[in-house]
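So this block is data06.csv, CSV, C-alpha atoms:
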chain,number,residue,atom,x,y,z
W,1,MET,CA,113.6,92.1,86.8
W,2,ALA,CA,113.2,88.6,88.3
W,3,ASP,CA,109.8,87.3,89.3
W,4,VAL,CA,108.9,88.1,92.9
W,5,ASP,CA,105.9,87.5,95.1
W,6,ALA,CA,104.8,91.1,94.9
W,7,ARG,CA,102.3,91.0,97.7
W,8,ALA,CA,104.8,89.3,100.1
W,9,VAL,CA,107.5,91.8,99.3
W,10,ILE,CA,105.2,94.7,99.9
W,11,ALA,CA,103.7,93.4,103.1
W,12,ALA,CA,107.0,92.5,104.6
W,13,ARG,CA,108.5,95.9,103.9
W,14,ALA,CA,105.4,97.7,105.2
W,15,ALA,CA,105.7,95.8,108.5
W,16,LEU,CA,109.0,97.4,109.1
W,17,GLU,CA,107.4,100.9,109.0
W,18,LEU,CA,105.3,100.2,112.1
W,19,ARG,CA,106.6,101.2,115.5
W,20,ASP,CA,106.1,100.0,119.1
W,21,GLY,CA,102.9,101.2,120.7
W,22,GLU,CA,101.3,102.5,117.6
W,23,VAL,CA,97.5,102.0,116.9
W,24,VAL,CA,97.5,100.7,113.3
W,25,ASN,CA,94.5,100.2,111.0
W,26,LEU,CA,95.1,97.7,108.2
W,27,GLY,CA,93.0,97.9,105.1
W,28,ILE,CA,91.7,95.1,102.9
W,29,GLY,CA,94.1,93.2,100.7
W,30,ILE,CA,97.9,93.5,101.0
W,31,PRO,CA,97.7,95.3,104.4
W,32,ASN,CA,95.9,92.3,105.9
W,33,LEU,CA,99.1,90.3,105.2
W,34,ILE,CA,101.2,92.5,107.4
W,35,PRO,CA,100.6,90.7,110.7
W,36,GLY,CA,102.4,87.7,109.3
W,37,TYR,CA,105.5,89.7,108.7
W,38,LEU,CA,105.7,91.8,111.9
W,39,PRO,CA,109.0,91.3,113.8
W,40,ALA,CA,108.5,89.5,117.1
W,41,THR,CA,110.0,92.6,118.8
W,42,THR,CA,107.4,95.0,117.4
W,43,ASP,CA,104.4,95.5,119.6
W,44,VAL,CA,101.6,97.4,117.8
W,45,HIS,CA,97.9,97.6,118.5
W,46,LEU,CA,95.9,96.6,115.4
W,47,HIS,CA,92.6,98.3,114.8
W,48,THR,CA,89.7,97.3,112.6
W,49,GLU,CA,86.9,99.8,112.0
W,50,ASN,CA,84.1,97.3,112.6
W,51,GLY,CA,84.9,97.4,116.3
W,52,LEU,CA,88.1,95.8,117.7
W,53,LEU,CA,91.4,97.2,119.0
W,54,GLY,CA,93.9,94.5,119.7
W,55,VAL,CA,93.5,92.3,116.6
W,56,GLY,CA,95.5,89.1,116.9
W,57,PRO,CA,96.7,86.6,114.2
W,58,ARG,CA,94.5,84.6,112.0
W,59,PRO,CA,92.8,81.8,114.0
W,60,THR,CA,93.5,78.1,113.7
W,61,PRO,CA,90.4,76.0,112.9
W,62,GLU,CA,90.1,75.3,116.6
W,63,GLU,CA,90.2,79.0,117.5
W,64,LEU,CA,87.8,80.2,114.8
W,65,ASP,CA,84.9,82.3,116.2
W,66,PRO,CA,82.4,83.2,113.4
W,67,ASP,CA,81.4,86.3,115.3
W,68,LEU,CA,85.0,87.6,115.4
W,69,ILE,CA,85.9,89.1,112.0
W,70,ASP,CA,87.7,92.2,110.7
W,71,ALA,CA,86.5,94.8,108.3
W,72,ALA,CA,87.3,92.5,105.4
W,73,LYS,CA,85.0,89.9,106.9
W,74,GLN,CA,88.0,87.6,107.6
W,75,PRO,CA,88.3,85.7,110.8
W,76,VAL,CA,90.6,87.1,113.4
W,77,THR,CA,91.6,86.5,117.0
W,78,ALA,CA,91.8,89.1,119.8
W,79,ARG,CA,94.9,89.7,121.9
W,80,ALA,CA,94.8,89.8,125.7
W,81,GLY,CA,93.4,93.2,126.7
W,82,ALA,CA,91.6,93.8,123.4
W,83,ALA,CA,88.7,96.3,123.4
W,84,TYR,CA,85.4,95.9,121.6
W,85,PHE,CA,83.2,98.8,120.5
W,86,ASP,CA,80.6,99.7,117.9
W,87,SER,CA,81.3,101.3,114.5
W,88,ALA,CA,80.3,104.8,115.8
W,89,ASP,CA,83.0,104.7,118.5
W,90,SER,CA,85.5,103.2,116.0
W,91,PHE,CA,85.0,106.0,113.6
W,92,ALA,CA,85.1,108.5,116.5
W,93,MET,CA,88.6,107.1,117.2
W,94,ILE,CA,89.6,107.6,113.6
W,95,ARG,CA,88.2,111.1,113.1
W,96,GLY,CA,89.5,112.1,116.5
W,97,GLY,CA,93.1,111.4,115.5
W,98,HIS,CA,93.5,108.4,117.8
W,99,VAL,CA,94.8,106.1,115.0
W,100,ASP,CA,98.5,106.5,114.5
W,101,VAL,CA,98.9,104.7,111.1
W,102,ALA,CA,96.5,103.7,108.3
W,103,VAL,CA,97.9,101.2,105.8
W,104,LEU,CA,95.7,100.8,102.8
W,105,GLY,CA,95.8,99.9,99.1
W,106,ALA,CA,95.3,102.3,96.2
W,107,LEU,CA,94.4,102.4,92.5
W,108,GLN,CA,96.5,105.5,91.9
W,109,VAL,CA,98.7,107.8,93.9
W,110,SER,CA,99.8,111.1,92.5
W,111,ALA,CA,103.0,113.0,92.6
W,112,GLU,CA,101.4,115.3,95.3
W,113,GLY,CA,100.3,112.4,97.5
W,114,ASP,CA,96.7,112.4,96.3
W,115,ILE,CA,95.1,108.9,96.8
W,116,ALA,CA,92.4,107.3,94.6
W,117,ASN,CA,91.3,103.9,96.0
W,118,TRP,CA,87.6,103.5,96.0
W,119,ALA,CA,86.2,103.6,92.4
W,120,VAL,CA,87.1,102.8,88.8
W,121,PRO,CA,85.1,104.9,86.3
W,122,GLY,CA,82.6,102.7,84.4
W,123,ARG,CA,82.7,99.9,87.0
W,124,ASP,CA,80.3,99.0,89.8
W,125,VAL,CA,81.0,101.0,93.0
W,126,LEU,CA,80.6,99.0,96.2
W,127,GLY,CA,81.3,101.9,98.5
W,128,VAL,CA,84.2,103.8,99.9
W,129,GLY,CA,84.1,102.1,103.3
W,130,GLY,CA,86.3,103.9,105.9
W,131,ALA,CA,89.0,105.0,103.5
W,132,MET,CA,88.2,108.7,103.4
W,133,ASP,CA,88.0,108.9,107.2
W,134,LEU,CA,91.2,106.9,107.7
W,135,VAL,CA,93.4,108.8,105.3
W,136,VAL,CA,92.6,112.2,106.8
W,137,GLY,CA,92.2,111.0,110.4
W,138,ALA,CA,95.4,108.9,110.8
W,139,ARG,CA,98.6,110.6,111.7
W,140,ARG,CA,100.6,108.7,109.1
W,141,VAL,CA,99.3,107.0,105.9
W,142,ILE,CA,101.2,104.2,104.2
W,143,VAL,CA,100.0,103.0,100.8
W,144,THR,CA,100.7,99.4,99.8
W,145,MET,CA,100.1,98.5,96.2
W,146,THR,CA,101.6,96.9,93.1
W,147,ALA,CA,103.5,99.2,90.9
W,148,THR,CA,101.2,98.7,87.9
W,149,SER,CA,97.5,97.8,87.4
W,150,SER,CA,96.3,94.5,85.9
W,151,ARG,CA,96.6,96.3,82.5
W,152,GLY,CA,100.2,97.2,83.1
W,153,GLU,CA,99.5,100.9,83.7
W,154,PRO,CA,101.6,102.7,86.3
W,155,LYS,CA,99.8,103.4,89.5
W,156,ILE,CA,102.1,106.2,90.6
W,157,VAL,CA,101.0,109.0,88.3
W,158,PRO,CA,101.5,112.7,87.8
W,159,ALA,CA,97.8,113.3,88.7
W,160,CYS,CA,95.0,110.9,89.6
W,161,THR,CA,92.4,110.2,86.9
W,162,TYR,CA,90.2,108.1,89.2
W,163,PRO,CA,87.9,109.6,91.8
W,164,LEU,CA,89.9,110.9,94.7
W,165,THR,CA,89.8,109.5,98.2
W,166,ALA,CA,91.8,112.4,99.6
W,167,LYS,CA,94.3,115.0,98.5
W,168,ALA,CA,97.9,115.1,99.7
W,169,ALA,CA,97.3,112.3,102.1
W,170,ALA,CA,100.0,109.7,101.5
W,171,ASP,CA,103.2,109.7,103.5
W,172,VAL,CA,104.8,106.6,102.1
W,173,VAL,CA,104.1,104.4,99.0
W,174,ILE,CA,105.5,100.8,99.0
W,175,THR,CA,105.4,98.7,95.9
W,176,GLU,CA,107.1,95.4,95.0
W,177,ARG,CA,109.9,97.5,93.5
W,178,SER,CA,110.3,100.6,95.6
W,179,VAL,CA,109.7,102.7,98.6
W,180,PHE,CA,108.7,106.3,97.9
W,181,ARG,CA,108.3,109.1,100.5
W,182,PHE,CA,106.8,112.5,100.2
W,183,ARG,CA,109.4,115.1,101.2
W,184,ASP,CA,108.7,118.3,99.4
W,185,GLY,CA,107.8,116.2,96.4
W,186,LEU,CA,108.0,112.5,95.6
W,187,VAL,CA,111.3,110.8,96.6
W,188,LEU,CA,112.5,107.3,95.8
W,189,THR,CA,114.3,106.2,99.0
W,190,GLU,CA,114.6,102.4,98.6
W,191,LEU,CA,114.7,99.6,95.9
W,192,LEU,CA,112.9,96.4,96.7
W,193,GLY,CA,112.7,92.9,95.2
W,194,GLY,CA,115.9,93.1,93.3
W,195,ALA,CA,114.7,96.1,91.3
W,196,THR,CA,117.0,98.5,89.6
W,197,LEU,CA,116.6,102.3,89.1
W,198,ASP,CA,115.6,101.5,85.5
W,199,ASP,CA,113.0,99.0,86.7
W,200,VAL,CA,111.4,101.6,88.9
W,201,ALA,CA,111.5,104.3,86.2
W,202,ALA,CA,109.8,102.0,83.7
W,203,VAL,CA,106.7,101.6,85.9
W,204,THR,CA,106.5,105.1,87.5
W,205,ALA,CA,104.7,107.8,85.5
W,206,ALA,CA,105.1,110.6,88.1
W,207,PRO,CA,108.2,112.8,88.4
W,208,TYR,CA,110.4,112.0,91.4
W,209,ARG,CA,113.9,112.4,92.7
W,210,VAL,CA,116.2,109.7,93.9
W,211,GLU,CA,117.7,109.7,97.5
W,212,LEU,CA,118.5,106.1,98.2
W,213,SER,CA,119.4,105.4,101.8
Mind turning this structure into structure tokens?
Amino acid sequence: MADVDARAVIAARAALELRDGEVVNLGIGIPNLIPGYLPATTDVHLHTENGLLGVGPRPTPEELDPDLIDAAKQPVTARAGAAYFDSADSFAMIRGGHVDVAVLGALQVSAEGDIANWAVPGRDVLGVGGAMDLVVGARRVIVTMTATSSRGEPKIVPACTYPLTAKAAADVVITERSVFRFRDGLVLTELLGGATLDDVAAVTAAPYRVELS
């Protein structure tokens, strides 16, 4: 398989999953790249759990406001009509089912849609953040991650071996090679980045069926 900019492929494809009018929470890492790939015709309301609904694009140096950041502590802008609130209200929105889509990274996703994304055994744990709330509170969960770890190990696995964030929470998994959906099991629905079926099979440990669209 030819070299690809994995993060760009994943973020661009994930942007196409978002629909007009949806409230979308973007996690740290690859999900934060999605605004740069949103089609001009797609109007979504980006939410950050530290207290802003209506996140705009990254600011220019002239626009930068040090008090205006997202949950990843990265500078953002606010769109016209944006709303500010405290973290308690933000998590009430999440837990109350008012976030349509959560897009987040993961360390592992199982064949049953279990997600592990907050701790690696034996390494320092910085905290789960809002992930556990988001994956059970959002109406749709999109996982964006590279197909393998830095050690070359598949991230889509028969069963998670890392501490779970939530069970059966994932709806879609997007890697630089593939789009998987959970439809009575794990289903490969799309190839990405010039990948072949053999390329995907080589980096996917979980059982799946193929239904390419």
Using only C-alpha atoms, which residue out of W:Lys167, W:His45, W:Arg13, W:Arg19 lies closest to Ala111 (chain W)?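 Smallest separation from Ala111 (chain W) among the options: W:Lys167.
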For Ala15 (chain W), the nearest of the candidates W:Thr77, W:Thr144, W:Ser149, W:Ser90, counting all atoms listed in the file: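 The shortest atom-to-atom distance to Ala15 (chain W) comes from W:Thr144.
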CA of Asp70 (chain W) to CA of Thr48 (chain W) measures 5.8 Å
For region 16-83 of chain W against region 4-9 of chain W, with a cut-off of 12 Å and counting only C-alpha atoms, what is the closest atom pair and its distance in Å to one decimal for every residue that makes the cut, ordered by chain and number, as a Markdown table?
| residue | atom | partner | partner_atom | distance |
| --- | --- | --- | --- | --- |
| W:Leu16 | CA | W:Val9 | CA | 11.4 |
| W:Gly29 | CA | W:Arg7 | CA | 9.0 |
| W:Ile30 | CA | W:Arg7 | CA | 6.0 |
| W:Pro31 | CA | W:Arg7 | CA | 9.2 |
| W:Asn32 | CA | W:Arg7 | CA | 10.5 |
| W:Leu33 | CA | W:Ala8 | CA | 7.7 |
| W:Ile34 | CA | W:Ala8 | CA | 8.7 |
| W:Pro35 | CA | W:Ala8 | CA | 11.5 |
| W:Gly36 | CA | W:Ala8 | CA | 9.6 |
| W:Tyr37 | CA | W:Ala8 | CA | 8.6 |
Export of the given selection (C-alpha atoms) as a PDB file, in the frame of the given file:
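Result written to part18.pdb:
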ATOM      1  CA  LEU W  16     109.000  97.400 109.100  1.00  0.00           C
ATOM      2  CA  GLY W  29      94.100  93.200 100.700  1.00  0.00           C
ATOM      3  CA  ILE W  30      97.900  93.500 101.000  1.00  0.00           C
ATOM      4  CA  PRO W  31      97.700  95.300 104.400  1.00  0.00           C
ATOM      5  CA  ASN W  32      95.900  92.300 105.900  1.00  0.00           C
ATOM      6  CA  LEU W  33      99.100  90.300 105.200  1.00  0.00           C
ATOM      7  CA  ILE W  34     101.200  92.500 107.400  1.00  0.00           C
ATOM      8  CA  PRO W  35     100.600  90.700 110.700  1.00  0.00           C
ATOM      9  CA  GLY W  36     102.400  87.700 109.300  1.00  0.00           C
ATOM     10  CA  TYR W  37     105.500  89.700 108.700  1.00  0.00           C
TER      11      TYR W  37
END
In file coordinates, which residues lie within 7 Å of (95.6, 104.4, 115.0) using only C-alpha atoms, given as a list in words? Glu22, Val23, Val24, Asn25, His47, Ile94, His98, Val99, Asp100, Val101, Ala102 and Ala138 of chain W
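Of note, CA of Asp198 (chain W) and CA of Phe182 (chain W) are spaced 20.4 Å apart.
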With a distance cut-off of 12 Å and only C-alpha atoms, select the neighbouring residues of Pro61 (chain W), excluding the residue or stretch itself and same-chain residues fewer than 3 positions from it, and output the selection as a short mmCIF file (atom, residue, chain, number, x, y, z; two decimals) with C-alpha atoms, keeping the file's coordinate frame.
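And here's part02.cif as it stands now:
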data_model
loop_
_atom_site.label_atom_id
_atom_site.label_comp_id
_atom_site.auth_asym_id
_atom_site.auth_seq_id
_atom_site.Cartn_x
_atom_site.Cartn_y
_atom_site.Cartn_z
CA ARG W 58 94.50 84.60 112.00
CA LEU W 64 87.80 80.20 114.80
CA ASP W 65 84.90 82.30 116.20
CA PRO W 66 82.40 83.20 113.40
CA PRO W 75 88.30 85.70 110.80
CA VAL W 76 90.60 87.10 113.40
CA THR W 77 91.60 86.50 117.00
#
One-decimal distance in Å that lies between CA of Pro158 (chain W) and CA of Pro121 (chain W):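 Between these atoms lies a distance of 18.2 Å.
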May I ask which of the residues W:Ala14, W:Ala168, W:Leu197, W:Val203 is the closest one to Glu112 (chain W), counting all atoms listed in the file? W:Ala168
Point out the residue among W:Ile28, W:Ala195, W:Leu164, W:Val157 with the least atom-to-atom distance to Pro207 (chain W), counting all atoms listed in the file.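 When distances to Pro207 (chain W) are compared using all atoms listed in the file, the smallest one comes from W:Val157.
Minimum atom-to-atom distances from W:Glu190, W:Cys160, W:Thr165, W:Val200 to Gly127 (chain W) were compared using only C-alpha atoms, and the lowest value belongs to W:Thr165.
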Kindly write region 172-213 of chain W with N, CA and C atoms to a file, as a PDB file, in the first residue's frame.
ATOM      1  N   VAL W 172     -19.374   3.676  14.017  1.00  0.00           N
ATOM      2  CA  VAL W 172     -18.518   3.712  12.827  1.00  0.00           C
ATOM      3  C   VAL W 172     -17.066   3.775  13.285  1.00  0.00           C
ATOM      4  N   VAL W 173     -16.183   3.070  12.575  1.00  0.00           N
ATOM      5  CA  VAL W 173     -14.743   3.181  12.806  1.00  0.00           C
ATOM      6  C   VAL W 173     -14.087   3.539  11.477  1.00  0.00           C
ATOM      7  N   ILE W 174     -13.339   4.637  11.487  1.00  0.00           N
ATOM      8  CA  ILE W 174     -12.670   5.099  10.275  1.00  0.00           C
ATOM      9  C   ILE W 174     -11.167   5.077  10.512  1.00  0.00           C
ATOM     10  N   THR W 175     -10.443   4.336   9.674  1.00  0.00           N
ATOM     11  CA  THR W 175      -8.988   4.334   9.695  1.00  0.00           C
ATOM     12  C   THR W 175      -8.498   4.888   8.365  1.00  0.00           C
ATOM     13  N   GLU W 176      -7.177   4.915   8.189  1.00  0.00           N
ATOM     14  CA  GLU W 176      -6.619   5.389   6.914  1.00  0.00           C
ATOM     15  C   GLU W 176      -6.830   4.379   5.795  1.00  0.00           C
ATOM     16  N   ARG W 177      -7.309   3.168   6.144  1.00  0.00           N
ATOM     17  CA  ARG W 177      -7.499   2.124   5.146  1.00  0.00           C
ATOM     18  C   ARG W 177      -8.952   1.742   4.923  1.00  0.00           C
ATOM     19  N   SER W 178      -9.816   2.099   5.858  1.00  0.00           N
ATOM     20  CA  SER W 178     -11.154   1.499   5.799  1.00  0.00           C
ATOM     21  C   SER W 178     -12.198   2.278   6.577  1.00  0.00           C
ATOM     22  N   VAL W 179     -13.448   1.970   6.234  1.00  0.00           N
ATOM     23  CA  VAL W 179     -14.597   2.379   7.041  1.00  0.00           C
ATOM     24  C   VAL W 179     -15.318   1.109   7.464  1.00  0.00           C
ATOM     25  N   PHE W 180     -15.453   0.926   8.767  1.00  0.00           N
ATOM     26  CA  PHE W 180     -16.211  -0.194   9.318  1.00  0.00           C
ATOM     27  C   PHE W 180     -17.466   0.344   9.991  1.00  0.00           C
ATOM     28  N   ARG W 181     -18.557  -0.399   9.868  1.00  0.00           N
ATOM     29  CA  ARG W 181     -19.797  -0.068  10.569  1.00  0.00           C
ATOM     30  C   ARG W 181     -20.265  -1.295  11.344  1.00  0.00           C
ATOM     31  N   PHE W 182     -21.026  -1.022  12.396  1.00  0.00           N
ATOM     32  CA  PHE W 182     -21.554  -2.112  13.216  1.00  0.00           C
ATOM     33  C   PHE W 182     -23.003  -2.345  12.825  1.00  0.00           C
ATOM     34  N   ARG W 183     -23.221  -3.450  12.111  1.00  0.00           N
ATOM     35  CA  ARG W 183     -24.542  -3.839  11.627  1.00  0.00           C
ATOM     36  C   ARG W 183     -24.703  -5.331  11.913  1.00  0.00           C
ATOM     37  N   ASP W 184     -25.167  -5.659  13.110  1.00  0.00           N
ATOM     38  CA  ASP W 184     -25.241  -7.059  13.513  1.00  0.00           C
ATOM     39  C   ASP W 184     -23.869  -7.703  13.337  1.00  0.00           C
ATOM     40  N   GLY W 185     -22.857  -7.049  13.862  1.00  0.00           N
ATOM     41  CA  GLY W 185     -21.473  -7.463  13.708  1.00  0.00           C
ATOM     42  C   GLY W 185     -20.681  -6.384  13.002  1.00  0.00           C
ATOM     43  N   LEU W 186     -19.396  -6.613  12.843  1.00  0.00           N
ATOM     44  CA  LEU W 186     -18.491  -5.648  12.228  1.00  0.00           C
ATOM     45  C   LEU W 186     -18.498  -5.832  10.713  1.00  0.00           C
ATOM     46  N   VAL W 187     -18.733  -4.724  10.000  1.00  0.00           N
ATOM     47  CA  VAL W 187     -18.885  -4.788   8.547  1.00  0.00           C
ATOM     48  C   VAL W 187     -17.945  -3.787   7.883  1.00  0.00           C
ATOM     49  N   LEU W 188     -17.123  -4.256   6.958  1.00  0.00           N
ATOM     50  CA  LEU W 188     -16.280  -3.377   6.152  1.00  0.00           C
ATOM     51  C   LEU W 188     -17.119  -2.836   5.006  1.00  0.00           C
ATOM     52  N   THR W 189     -17.306  -1.507   4.971  1.00  0.00           N
ATOM     53  CA  THR W 189     -18.178  -0.919   3.960  1.00  0.00           C
ATOM     54  C   THR W 189     -17.436  -0.078   2.926  1.00  0.00           C
ATOM     55  N   GLU W 190     -16.161   0.265   3.201  1.00  0.00           N
ATOM     56  CA  GLU W 190     -15.449   1.162   2.284  1.00  0.00           C
ATOM     57  C   GLU W 190     -13.942   1.006   2.464  1.00  0.00           C
ATOM     58  N   LEU W 191     -13.227   1.080   1.341  1.00  0.00           N
ATOM     59  CA  LEU W 191     -11.760   1.099   1.358  1.00  0.00           C
ATOM     60  C   LEU W 191     -11.295   2.532   1.161  1.00  0.00           C
ATOM     61  N   LEU W 192     -10.216   2.901   1.849  1.00  0.00           N
ATOM     62  CA  LEU W 192      -9.706   4.269   1.784  1.00  0.00           C
ATOM     63  C   LEU W 192      -8.212   4.270   1.470  1.00  0.00           C
ATOM     64  N   GLY W 193      -7.735   5.416   0.993  1.00  0.00           N
ATOM     65  CA  GLY W 193      -6.303   5.634   0.819  1.00  0.00           C
ATOM     66  C   GLY W 193      -5.623   4.665  -0.131  1.00  0.00           C
ATOM     67  N   GLY W 194      -6.371   4.124  -1.092  1.00  0.00           N
ATOM     68  CA  GLY W 194      -5.780   3.177  -2.037  1.00  0.00           C
ATOM     69  C   GLY W 194      -5.604   1.773  -1.495  1.00  0.00           C
ATOM     70  N   ALA W 195      -6.195   1.491  -0.335  1.00  0.00           N
ATOM     71  CA  ALA W 195      -6.053   0.172   0.280  1.00  0.00           C
ATOM     72  C   ALA W 195      -6.828  -0.890  -0.492  1.00  0.00           C
ATOM     73  N   THR W 196      -6.345  -2.116  -0.399  1.00  0.00           N
ATOM     74  CA  THR W 196      -7.037  -3.274  -0.955  1.00  0.00           C
ATOM     75  C   THR W 196      -7.659  -4.076   0.184  1.00  0.00           C
ATOM     76  N   LEU W 197      -8.453  -5.063  -0.174  1.00  0.00           N
ATOM     77  CA  LEU W 197      -9.023  -5.943   0.840  1.00  0.00           C
ATOM     78  C   LEU W 197      -7.920  -6.655   1.622  1.00  0.00           C
ATOM     79  N   ASP W 198      -6.851  -7.037   0.940  1.00  0.00           N
ATOM     80  CA  ASP W 198      -5.745  -7.698   1.625  1.00  0.00           C
ATOM     81  C   ASP W 198      -5.047  -6.743   2.593  1.00  0.00           C
ATOM     82  N   ASP W 199      -4.928  -5.465   2.218  1.00  0.00           N
ATOM     83  CA  ASP W 199      -4.317  -4.471   3.105  1.00  0.00           C
ATOM     84  C   ASP W 199      -5.104  -4.352   4.403  1.00  0.00           C
ATOM     85  N   VAL W 200      -6.416  -4.316   4.289  1.00  0.00           N
ATOM     86  CA  VAL W 200      -7.261  -4.198   5.478  1.00  0.00           C
ATOM     87  C   VAL W 200      -7.175  -5.458   6.334  1.00  0.00           C
ATOM     88  N   ALA W 201      -7.231  -6.602   5.694  1.00  0.00           N
ATOM     89  CA  ALA W 201      -7.163  -7.867   6.433  1.00  0.00           C
ATOM     90  C   ALA W 201      -5.849  -7.984   7.214  1.00  0.00           C
ATOM     91  N   ALA W 202      -4.782  -7.422   6.665  1.00  0.00           N
ATOM     92  CA  ALA W 202      -3.469  -7.540   7.302  1.00  0.00           C
ATOM     93  C   ALA W 202      -3.363  -6.758   8.599  1.00  0.00           C
ATOM     94  N   VAL W 203      -4.233  -5.756   8.783  1.00  0.00           N
ATOM     95  CA  VAL W 203      -4.132  -4.907   9.979  1.00  0.00           C
ATOM     96  C   VAL W 203      -5.390  -4.957  10.838  1.00  0.00           C
ATOM     97  N   THR W 204      -6.257  -5.922  10.587  1.00  0.00           N
ATOM     98  CA  THR W 204      -7.509  -6.049  11.331  1.00  0.00           C
ATOM     99  C   THR W 204      -7.559  -7.418  11.986  1.00  0.00           C
ATOM    100  N   ALA W 205      -7.537  -7.427  13.318  1.00  0.00           N
ATOM    101  CA  ALA W 205      -7.530  -8.699  14.044  1.00  0.00           C
ATOM    102  C   ALA W 205      -8.931  -9.249  14.296  1.00  0.00           C
ATOM    103  N   ALA W 206      -9.929  -8.370  14.319  1.00  0.00           N
ATOM    104  CA  ALA W 206     -11.293  -8.801  14.615  1.00  0.00           C
ATOM    105  C   ALA W 206     -11.943  -9.443  13.392  1.00  0.00           C
ATOM    106  N   PRO W 207     -12.844 -10.383  13.623  1.00  0.00           N
ATOM    107  CA  PRO W 207     -13.590 -10.944  12.478  1.00  0.00           C
ATOM    108  C   PRO W 207     -14.578  -9.915  11.930  1.00  0.00           C
ATOM    109  N   TYR W 208     -14.779  -9.914  10.644  1.00  0.00           N
ATOM    110  CA  TYR W 208     -15.708  -8.978  10.010  1.00  0.00           C
ATOM    111  C   TYR W 208     -16.197  -9.561   8.695  1.00  0.00           C
ATOM    112  N   ARG W 209     -17.255  -8.987   8.181  1.00  0.00           N
ATOM    113  CA  ARG W 209     -17.723  -9.352   6.859  1.00  0.00           C
ATOM    114  C   ARG W 209     -17.599  -8.142   5.944  1.00  0.00           C
ATOM    115  N   VAL W 210     -17.577  -8.395   4.647  1.00  0.00           N
ATOM    116  CA  VAL W 210     -17.346  -7.341   3.654  1.00  0.00           C
ATOM    117  C   VAL W 210     -18.643  -7.042   2.922  1.00  0.00           C
ATOM    118  N   GLU W 211     -19.040  -5.783   2.951  1.00  0.00           N
ATOM    119  CA  GLU W 211     -20.204  -5.296   2.186  1.00  0.00           C
ATOM    120  C   GLU W 211     -19.843  -3.932   1.617  1.00  0.00           C
ATOM    121  N   LEU W 212     -18.954  -3.943   0.612  1.00  0.00           N
ATOM    122  CA  LEU W 212     -18.505  -2.677   0.051  1.00  0.00           C
ATOM    123  C   LEU W 212     -19.625  -2.006  -0.739  1.00  0.00           C
ATOM    124  N   SER W 213     -19.747  -0.705  -0.529  1.00  0.00           N
ATOM    125  CA  SER W 213     -20.812   0.050  -1.218  1.00  0.00           C
ATOM    126  C   SER W 213     -20.293   0.610  -2.528  1.00  0.00           C
TER     127      SER W 213
END
